[in-house]
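Student: My questions will all concern the structure given below.
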Amino acid sequence: MVYYESPKNTVRVELGNRYLAALYAWLLPGAGHFYQRRYTKGLLFSITVLTTYFIGFWLGDGRVVYASWKKHDWRWQFVAQCFVGAPTFPALIQALQTDEKSPPLWIRNYRYPPNDKTNPAYSRITEPSELKRLGKSAIPDGFMAAPFGEVSPTEPDVLAAWHAELGHYFDIATLYTFVAGLLNLLVIYDAFAGPGMYLEGTEEEDGESGSAEEDES
């Protein structure tokens with residue numbers, strides 16, 4: 001059993017299988033600490049990371065967390081966002097299962113519809129001026145999916161419409177989810193390395209480890 005022990009031997013925390021703890025911490029913030037019976041830290045980390053993430057998700061209307069490797073839209077922010085774990089999996093699945101010419105796997109609704117406003121399949125929203133050139137076709141709005149179609153640095157596109165609708169909230173929401181991912185990266189490391197961020201200890205027999213103190217810093 002790998003454990004952390006403070007320099008004066010006043011605190012000892014059994015970390016269990018630290019690789020498994022790190023995996024749990026990535027899958028769901030705080031889960032790795034619950035596995036190690038570090039319940040206070042696990043609850044604190046879970047609330048902090050998930051609250052930060054879902055505030056950003058809400059501010060961005062669910063559009064700021066997506067994976068994309070399109071030309072002119074390499075979503076590098078997702079590299080940090082994905083450290084939040086399971087809450088970002090739908091975005092990864094969308095990216096792996098679809099491309100820029102096929103509709104998203106999960107479609108919330110059809111946005112920026114053509115002139116037939118009476119069609120109940122379309123959302124009742126105002127078309128952004130950025131998408132007037134696309135007014136002849138309904139555009140699927142996928143759940144945690146990349147902007148549909150090609151992204152152009154000069155021509156109006158779906159991504160430009162998102163920015164037009166959300167304004168500065170798009171960047172603020174992206175920042176919230178980005179920071180949540182970075183915070184959970186630290187949580188993952190804490191689950192792996194222990195409270196002191198370094199390891200002291202050896203592998204122990206189950207009988208010996210069972211009598212060890214389970215104090216936590």
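Chain identifiers are assigned as A, B, and so on, following the order in which chains appear in the structure tokens; residues are numbered from 1 within each chain, and ligands are numbered from 1 in order of appearance.
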If we count only C-alpha atoms, what is near Gly42 of chain A at a cut-off of 7 Å, once residues fewer than 6 positions away on the same chain are taken out, given as a VMD selection string?
Tutor: chain A and resid 30 to 31 33 to 34
Student: Using only C-alpha atoms, which protein or nucleic acid residues come within 9 Å of segment 151-154 of chain A? Drop anything in the same chain fewer than 3 positions from it, and give the result as a PyMOL selection string.
Tutor: chain A and resi 70-73+147-148+157-160
Student: Keeping only N, CA and C atoms, write the selected residues to a file as a PDB file, in the first residue's frame.
Tutor:
ATOM      1  N   LYS A  70     -11.322  21.131 -36.947  1.00  0.00           N
ATOM      2  CA  LYS A  70     -11.572  21.704 -38.267  1.00  0.00           C
ATOM      3  C   LYS A  70     -10.523  22.759 -38.612  1.00  0.00           C
ATOM      4  N   LYS A  71     -10.391  22.993 -39.872  1.00  0.00           N
ATOM      5  CA  LYS A  71      -9.556  24.098 -40.323  1.00  0.00           C
ATOM      6  C   LYS A  71     -10.181  25.412 -39.845  1.00  0.00           C
ATOM      7  N   HIS A  72      -9.393  26.267 -39.273  1.00  0.00           N
ATOM      8  CA  HIS A  72      -9.808  27.562 -38.717  1.00  0.00           C
ATOM      9  C   HIS A  72     -10.604  27.441 -37.422  1.00  0.00           C
ATOM     10  N   ASP A  73     -10.764  26.218 -36.907  1.00  0.00           N
ATOM     11  CA  ASP A  73     -11.459  26.063 -35.627  1.00  0.00           C
ATOM     12  C   ASP A  73     -10.880  24.872 -34.879  1.00  0.00           C
ATOM     13  N   PRO A 147     -19.539  23.794 -34.198  1.00  0.00           N
ATOM     14  CA  PRO A 147     -20.408  24.532 -35.131  1.00  0.00           C
ATOM     15  C   PRO A 147     -20.568  23.763 -36.439  1.00  0.00           C
ATOM     16  N   PHE A 148     -21.800  23.651 -36.902  1.00  0.00           N
ATOM     17  CA  PHE A 148     -22.066  22.875 -38.108  1.00  0.00           C
ATOM     18  C   PHE A 148     -21.486  23.576 -39.329  1.00  0.00           C
ATOM     19  N   ASP A 157     -20.386  32.458 -40.649  1.00  0.00           N
ATOM     20  CA  ASP A 157     -20.564  31.037 -40.427  1.00  0.00           C
ATOM     21  C   ASP A 157     -21.282  30.830 -39.097  1.00  0.00           C
ATOM     22  N   VAL A 158     -21.491  29.592 -38.726  1.00  0.00           N
ATOM     23  CA  VAL A 158     -22.229  29.286 -37.502  1.00  0.00           C
ATOM     24  C   VAL A 158     -21.471  29.759 -36.267  1.00  0.00           C
ATOM     25  N   LEU A 159     -20.165  29.587 -36.253  1.00  0.00           N
ATOM     26  CA  LEU A 159     -19.376  30.031 -35.108  1.00  0.00           C
ATOM     27  C   LEU A 159     -19.490  31.543 -34.916  1.00  0.00           C
ATOM     28  N   ALA A 160     -19.489  32.278 -36.016  1.00  0.00           N
ATOM     29  CA  ALA A 160     -19.670  33.733 -35.932  1.00  0.00           C
ATOM     30  C   ALA A 160     -21.035  34.075 -35.352  1.00  0.00           C
TER      31      ALA A 160
END
Student: Considering only C-alpha atoms, can you say which of A:Asn184, A:Thr51, A:Ser102, A:Thr40 comes closest to Gly85 of chain A?
Tutor: A:Asn184
Student: Using only C-alpha atoms, which residue out of A:Leu28, A:Ala146, A:Ala21, A:Leu59 lies closest to Trp74 of chain A?
Tutor: A:Ala146
Student: Any idea what's packed within 9 Å of Phe170 of chain A, counting only C-alpha atoms, ignoring anything in its chain fewer than 4 positions away? Could you give it as an MDAnalysis selection string?
Tutor: chainID A and resid 56 59:61 63:64 162:163 165:166 174:175
Student: For the residues selected in the previous step, produce a file with N, CA and C atoms as a PDB file, in the first residue's frame.
Tutor:
ATOM      1  N   GLY A  56     -19.929  27.914 -16.296  1.00  0.00           N
ATOM      2  CA  GLY A  56     -19.470  28.234 -17.643  1.00  0.00           C
ATOM      3  C   GLY A  56     -20.319  27.596 -18.718  1.00  0.00           C
ATOM      4  N   LEU A  59     -23.537  29.650 -18.869  1.00  0.00           N
ATOM      5  CA  LEU A  59     -23.320  30.967 -19.480  1.00  0.00           C
ATOM      6  C   LEU A  59     -23.139  30.862 -20.987  1.00  0.00           C
ATOM      7  N   GLY A  60     -22.536  29.775 -21.423  1.00  0.00           N
ATOM      8  CA  GLY A  60     -22.296  29.594 -22.852  1.00  0.00           C
ATOM      9  C   GLY A  60     -23.384  28.837 -23.571  1.00  0.00           C
ATOM     10  N   ASP A  61     -24.535  28.644 -22.923  1.00  0.00           N
ATOM     11  CA  ASP A  61     -25.674  27.957 -23.526  1.00  0.00           C
ATOM     12  C   ASP A  61     -25.277  26.578 -24.045  1.00  0.00           C
ATOM     13  N   ARG A  63     -22.641  25.670 -25.557  1.00  0.00           N
ATOM     14  CA  ARG A  63     -21.931  25.658 -26.846  1.00  0.00           C
ATOM     15  C   ARG A  63     -20.416  25.798 -26.727  1.00  0.00           C
ATOM     16  N   VAL A  64     -19.921  26.133 -25.538  1.00  0.00           N
ATOM     17  CA  VAL A  64     -18.493  26.441 -25.429  1.00  0.00           C
ATOM     18  C   VAL A  64     -17.643  25.209 -25.143  1.00  0.00           C
ATOM     19  N   TRP A 162     -22.707  32.221 -33.216  1.00  0.00           N
ATOM     20  CA  TRP A 162     -22.639  31.948 -31.775  1.00  0.00           C
ATOM     21  C   TRP A 162     -22.044  33.134 -31.025  1.00  0.00           C
ATOM     22  N   HIS A 163     -20.972  33.658 -31.567  1.00  0.00           N
ATOM     23  CA  HIS A 163     -20.338  34.819 -30.933  1.00  0.00           C
ATOM     24  C   HIS A 163     -21.275  36.027 -30.959  1.00  0.00           C
ATOM     25  N   GLU A 165     -24.580  35.992 -30.913  1.00  0.00           N
ATOM     26  CA  GLU A 165     -25.682  35.785 -29.972  1.00  0.00           C
ATOM     27  C   GLU A 165     -25.235  35.891 -28.516  1.00  0.00           C
ATOM     28  N   LEU A 166     -24.096  35.299 -28.209  1.00  0.00           N
ATOM     29  CA  LEU A 166     -23.644  35.251 -26.823  1.00  0.00           C
ATOM     30  C   LEU A 166     -22.800  36.449 -26.413  1.00  0.00           C
ATOM     31  N   THR A 174     -16.182  30.152 -21.820  1.00  0.00           N
ATOM     32  CA  THR A 174     -15.029  29.328 -22.182  1.00  0.00           C
ATOM     33  C   THR A 174     -13.974  29.368 -21.091  1.00  0.00           C
ATOM     34  N   LEU A 175     -13.734  30.548 -20.527  1.00  0.00           N
ATOM     35  CA  LEU A 175     -12.747  30.691 -19.459  1.00  0.00           C
ATOM     36  C   LEU A 175     -13.148  29.885 -18.228  1.00  0.00           C
TER      37      LEU A 175
END
Student: Which residues, written as a VMD selection string, have at least one atom at most 12 Å from Phe178 of chain A, with only C-alpha atoms counted and residues fewer than 3 positions away on the same chain left out?
Tutor: chain A and resid 49 to 50 52 to 57 64 to 66 75 to 84 88 171 to 175 181 to 185
Student: In Å to one decimal, how far is atom CA of Glu155 of chain A from atom CA of Pro104 of chain A?
Tutor: 22.0 Å
Student: Between A:Val179, A:Gly16, A:Trp58, A:Pro29, which residue has the minimum interatomic distance to Leu44 of chain A, considering only C-alpha atoms?
Tutor: A:Pro29
Student: With only C-alpha atoms as the atoms that count, which of A:Gly167, A:Gly149, A:Pro195, A:Pro140 lies nearest to Ser68 of chain A?
Tutor: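 So, comparing all the options, the nearest one is A:Gly149.
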